[in-house]
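Student: For reference, the file protein.cif (mmCIF, C-alpha atoms) is included below:
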```
data_coords
#
loop_
_atom_site.label_atom_id
_atom_site.label_comp_id
_atom_site.auth_asym_id
_atom_site.auth_seq_id
_atom_site.Cartn_x
_atom_site.Cartn_y
_atom_site.Cartn_z
CA MET A 1 0.00 0.00 0.00
CA ILE A 2 2.82 2.42 0.87
CA ASN A 3 4.56 1.61 -2.44
CA PHE A 4 1.32 2.38 -4.28
CA LEU A 5 1.07 5.82 -2.58
CA ILE A 6 4.69 6.60 -3.41
CA ILE A 7 4.14 5.72 -7.07
CA ILE A 8 1.02 7.91 -7.27
CA SER A 9 2.86 10.80 -5.56
CA LEU A 10 5.73 10.50 -8.02
CA MET A 11 3.32 10.47 -10.95
CA LEU A 12 1.59 13.64 -9.72
CA PHE A 13 4.93 15.32 -9.06
CA THR A 14 6.17 14.41 -12.55
CA TYR A 15 2.93 15.68 -14.08
CA ASP A 16 3.36 19.07 -12.35
CA ILE A 17 6.94 19.36 -13.58
CA ASN A 18 5.93 18.49 -17.14
CA ALA A 19 3.12 20.98 -17.04
CA GLN A 20 5.56 23.71 -16.01
CA GLU A 21 8.00 22.76 -18.73
CA VAL A 22 5.32 23.10 -21.39
CA LYS A 23 4.32 26.55 -20.13
CA GLU A 24 7.83 28.07 -19.92
CA PRO A 25 8.78 28.09 -23.64
CA SER A 26 5.61 30.04 -24.49
CA ASN A 27 6.89 32.87 -22.25
CA ASN A 28 10.05 33.30 -24.35
CA LYS A 29 9.92 36.37 -26.58
CA ILE A 30 12.40 34.99 -29.11
CA THR A 31 11.17 32.18 -31.29
CA SER A 32 13.00 30.37 -34.03
CA SER A 33 10.99 32.17 -36.72
CA THR A 34 12.13 35.62 -35.53
CA SER A 35 15.74 34.77 -34.61
CA SER A 36 18.48 35.99 -36.90
CA ILE A 37 21.85 34.28 -36.91
CA GLY A 38 25.28 35.17 -38.23
CA VAL A 39 28.39 33.02 -38.56
CA VAL A 40 32.10 33.92 -38.62
CA ASP A 41 35.20 31.94 -39.55
CA MET A 42 37.62 32.75 -36.73
CA LYS A 43 40.63 31.12 -38.43
CA LYS A 44 40.11 33.20 -41.56
CA ILE A 45 39.67 36.38 -39.52
CA LEU A 46 42.98 35.80 -37.72
CA ALA A 47 44.74 34.84 -40.94
CA GLN A 48 43.60 38.04 -42.67
CA SER A 49 43.71 40.41 -39.71
CA LYS A 50 46.42 43.03 -40.18
CA ALA A 51 46.79 43.40 -36.42
CA TYR A 52 47.23 39.67 -35.83
CA GLN A 53 49.74 39.32 -38.67
CA SER A 54 51.65 42.30 -37.28
CA LEU A 55 51.62 40.68 -33.85
CA VAL A 56 52.92 37.38 -35.21
CA ASP A 57 55.71 39.18 -37.08
CA GLN A 58 56.72 41.10 -33.94
CA PHE A 59 56.65 37.92 -31.87
CA GLU A 60 58.82 36.04 -34.35
CA ASP A 61 61.28 38.95 -34.51
CA VAL A 62 61.62 39.12 -30.72
CA ARG A 63 61.93 35.36 -30.47
CA ARG A 64 64.62 35.27 -33.15
CA LYS A 65 66.65 38.01 -31.39
CA HIS A 66 66.44 36.20 -28.06
CA ARG A 67 67.32 32.87 -29.62
CA ASN A 68 70.42 34.45 -31.16
CA LYS A 69 71.37 36.01 -27.82
CA PHE A 70 70.99 32.71 -26.00
CA THR A 71 72.87 30.84 -28.72
CA LYS A 72 75.84 33.15 -28.20
CA GLN A 73 75.68 32.58 -24.44
CA GLU A 74 75.47 28.81 -24.98
CA ASP A 75 78.53 28.98 -27.25
CA ILE A 76 80.47 30.82 -24.53
CA ILE A 77 79.51 28.16 -21.97
CA ARG A 78 80.53 25.36 -24.38
CA ASP A 79 83.91 27.04 -24.86
CA GLU A 80 84.33 27.28 -21.08
CA GLU A 81 83.38 23.61 -20.79
CA SER A 82 85.91 22.66 -23.44
CA GLU A 83 88.64 24.65 -21.68
CA LEU A 84 87.72 23.05 -18.38
CA LEU A 85 88.01 19.55 -19.89
CA LYS A 86 91.50 20.44 -21.12
CA GLN A 87 92.45 21.44 -17.57
CA LYS A 88 91.02 18.31 -15.96
CA ASN A 89 94.38 16.58 -15.57
CA ILE A 90 96.21 19.77 -14.59
CA LEU A 91 93.86 20.94 -11.81
CA SER A 92 93.41 19.24 -8.46
CA LYS A 93 90.21 17.25 -8.04
CA GLU A 94 88.81 19.87 -5.67
CA ALA A 95 89.59 22.81 -7.99
CA TYR A 96 88.17 20.92 -10.98
CA ALA A 97 85.01 19.99 -9.03
CA GLU A 98 84.54 23.63 -8.01
CA LYS A 99 84.88 24.83 -11.63
CA VAL A 100 82.42 22.15 -12.79
CA LYS A 101 80.00 23.33 -10.09
CA VAL A 102 80.34 26.97 -11.24
CA LEU A 103 79.82 25.96 -14.86
CA GLY A 104 76.76 23.88 -13.92
CA LYS A 105 75.33 26.90 -12.11
CA LYS A 106 75.83 29.06 -15.26
CA ILE A 107 74.07 26.43 -17.36
CA ASN A 108 71.11 26.24 -14.96
CA GLU A 109 70.84 30.04 -14.81
CA LEU A 110 70.82 30.24 -18.60
CA LYS A 111 68.14 27.55 -18.87
CA SER A 112 66.05 29.30 -16.22
CA LYS A 113 66.37 32.65 -18.01
CA GLN A 114 65.40 31.02 -21.32
CA ALA A 115 62.30 29.46 -19.74
CA ASN A 116 61.31 32.72 -18.01
CA ASP A 117 61.74 34.74 -21.19
CA ALA A 118 59.72 32.21 -23.19
CA LYS A 119 56.91 32.35 -20.65
CA LYS A 120 57.02 36.16 -20.60
CA PHE A 121 56.74 36.29 -24.40
CA GLU A 122 53.86 33.82 -24.42
CA ILE A 123 52.01 35.92 -21.85
CA SER A 124 52.60 39.14 -23.78
CA PHE A 125 51.46 37.45 -27.01
CA GLU A 126 48.33 36.20 -25.26
CA LYS A 127 47.55 39.68 -23.85
CA SER A 128 47.89 41.24 -27.28
CA THR A 129 45.79 38.48 -28.85
CA ASN A 130 43.12 39.12 -26.22
CA LYS A 131 43.07 42.80 -27.26
CA ILE A 132 42.49 41.74 -30.86
CA GLN A 133 39.71 39.38 -29.77
CA GLY A 134 38.14 42.17 -27.73
CA ALA A 135 38.19 44.47 -30.76
CA LEU A 136 36.69 41.65 -32.84
CA VAL A 137 33.86 41.18 -30.34
CA ASP A 138 33.14 44.92 -30.55
CA VAL A 139 33.18 44.77 -34.36
CA LEU A 140 30.87 41.74 -34.39
CA SER A 141 28.56 43.47 -31.93
CA VAL A 142 28.23 46.47 -34.26
CA ILE A 143 27.67 44.24 -37.29
CA ALA A 144 25.08 42.15 -35.41
CA SER A 145 23.29 45.29 -34.28
CA LYS A 146 23.20 46.73 -37.83
CA ARG A 147 21.81 43.45 -39.19
CA ASN A 148 19.44 42.86 -36.26
CA LEU A 149 21.08 39.54 -35.41
CA ASN A 150 20.24 37.71 -32.21
CA LEU A 151 23.13 35.25 -32.37
CA VAL A 152 26.62 35.06 -33.89
CA LEU A 153 28.32 31.67 -33.95
CA ALA A 154 31.79 30.45 -34.85
CA LYS A 155 31.77 28.66 -38.20
CA SER A 156 33.66 25.75 -36.65
CA GLN A 157 30.59 25.03 -34.49
CA VAL A 158 28.18 24.87 -37.43
CA ILE A 159 27.75 22.09 -39.98
CA LEU A 160 26.16 24.00 -42.88
CA VAL A 161 26.39 27.74 -43.46
CA GLY A 162 24.60 29.83 -46.05
CA LYS A 163 26.60 32.65 -47.60
CA ASP A 164 23.94 35.16 -46.59
CA ILE A 165 24.65 34.64 -42.87
CA ASP A 166 28.48 34.50 -43.14
CA LEU A 167 29.84 37.71 -41.58
CA THR A 168 33.52 36.80 -41.91
CA ASP A 169 34.53 39.16 -44.72
CA ASP A 170 32.67 42.10 -43.18
CA ALA A 171 34.27 41.36 -39.82
CA ILE A 172 37.77 41.24 -41.36
CA ALA A 173 37.28 44.52 -43.20
CA GLU A 174 35.92 46.28 -40.13
CA LEU A 175 38.55 44.83 -37.77
CA ASN A 176 41.32 45.97 -40.12
CA LYS A 177 39.83 49.50 -40.05
CA VAL A 178 39.40 49.59 -36.28
CA LEU A 179 42.66 47.85 -35.35
CA PRO A 180 45.19 47.89 -38.21
CA LYS A 181 48.17 47.21 -35.96
CA ILE A 182 48.91 46.20 -32.39
CA SER A 183 52.10 46.23 -30.37
CA LEU A 184 53.39 43.19 -28.59
CA ASP A 185 52.99 43.89 -24.86
CA LYS A 186 56.35 43.63 -23.19
#
```
How would this structure read if it were set down as structure tokens?
Tutor:
Amino acid sequence: MINFLIIISLMLFTYDINAQEVKEPSNNKITSSTSSIGVVDMKKILAQSKAYQSLVDQFEDVRRKHRNKFTKQEDIIRDEESELLKQKNILSKEAYAEKVKVLGKKINELKSKQANDAKKFEISFEKSTNKIQGALVDVLSVIASKRNLNLVLAKSQVILVGKDIDLTDDAIAELNKVLPKISLDK
């Protein structure tokens, strides 16, 4: 008898929930027949964005300069290591061990500096990229407002896209006007 009451209570509870679920969608003001959608190809926007290409060029230039600097420092350490190996039989074990320790410390410091610089450049690249993305969101917001769009999706999230809802070229043109160049944050 108790099981029967529990089952009836659950059925009534489920019925109330279902009744509420049916009522809620009718309160929405936006329906699929009045929704307007736009789609953008983010990869194409980045590939054709003057600011992003400028940022990539700056990043590569800075990275190349630092790589050259570190390569020179590595060459100096290799020369010191080579000289130290030549002195191995001349120096006492204690003196040799001390010089090896000093050289090891130089190597570790150089590796640490390389890692810190790489992380710093990645962070600055990310900050600058975020500025571009922020400008793109503003551009897309203006375009969506002009076209009375309710939703803008990334093309990578959509299976089929009609050319009439693709905003990519307009977004590229507008982004290049608004943000033609950006500096790598340092």
Student: Could you tell me which of A:Leu136, A:Phe121, A:Leu55, A:Gln87 comes closest to Ala173 in chain A if we count all atoms listed in the file?
Tutor: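 The answer is A:Leu136, which sits nearest to Ala173 in chain A.
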Student: Would you translate the PyMOL selection byres ((chain A and resi 45-47) around 10) into the concrete set of residues it matches in this file, as a PyMOL selection string?
Tutor: chain A and resi 40-44+48-53+129+132-133+136+168-173+175-176
Student: Find the residues near range 153-157 of chain A: any atom within 12 Å, counting all atoms listed in the file, skip ones fewer than 2 places away on the same chain, and give them as a PyMOL selection string.
Tutor: chain A and resi 36-45+137+140-141+144+149-151+159-163+165-168
Student: In Å, rounded to a single decimal, give me how far CA of Glu174 in chain A is from CA of Val139 in chain A.
Tutor: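 Atom-to-atom, CA of Val139 in chain A and CA of Glu174 in chain A are spaced 6.6 Å apart.
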Student: Could you list, as a compact mmCIF listing (two decimals) with C-alpha atoms, in the frame of the given file, every residue matched by the PyMOL selection byres ((chain A and resi 114) around 12) in this structure?
Tutor:
```txt
# COMPACT_ATOMS: atom_id res chain seq x y z
CA ARG A 63 61.93 35.36 -30.47
CA HIS A 66 66.44 36.20 -28.06
CA ARG A 67 67.32 32.87 -29.62
CA ASN A 68 70.42 34.45 -31.16
CA LYS A 69 71.37 36.01 -27.82
CA PHE A 70 70.99 32.71 -26.00
CA THR A 71 72.87 30.84 -28.72
CA GLN A 73 75.68 32.58 -24.44
CA GLU A 74 75.47 28.81 -24.98
CA ILE A 107 74.07 26.43 -17.36
CA ASN A 108 71.11 26.24 -14.96
CA GLU A 109 70.84 30.04 -14.81
CA LEU A 110 70.82 30.24 -18.60
CA LYS A 111 68.14 27.55 -18.87
CA SER A 112 66.05 29.30 -16.22
CA LYS A 113 66.37 32.65 -18.01
CA ALA A 115 62.30 29.46 -19.74
CA ASN A 116 61.31 32.72 -18.01
CA ASP A 117 61.74 34.74 -21.19
CA ALA A 118 59.72 32.21 -23.19
CA LYS A 119 56.91 32.35 -20.65
CA LYS A 120 57.02 36.16 -20.60
CA PHE A 121 56.74 36.29 -24.40
```
Student: Mind pulling up the distance from CA of Asp185 in chain A to CA of Ser54 in chain A?
Tutor: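 Between CA of Ser54 in chain A and CA of Asp185 in chain A the gap works out to 12.6 Å.
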Student: At what distance in Å, to one decimal, does CA of Val100 in chain A lie from CA of Arg78 in chain A?
Tutor: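 Distance between the two atoms: 12.2 Å.
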Student: Evaluate the PyMOL selection byres ((chain A and resi 81-83) around 12) and record the selected residues as a list in words, following the chain and residue labels used in the document.
Tutor: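 Written out, the selection comes to Glu74, Asp75, Ile76, Ile77, Arg78, Asp79, Glu80, Leu84, Leu85, Lys86, Gln87, Lys88, Asn89, Ile90, Leu91, Tyr96, Lys99, Val100, Lys101, Val102, Leu103, Gly104, Lys106 and Ile107 of chain A.
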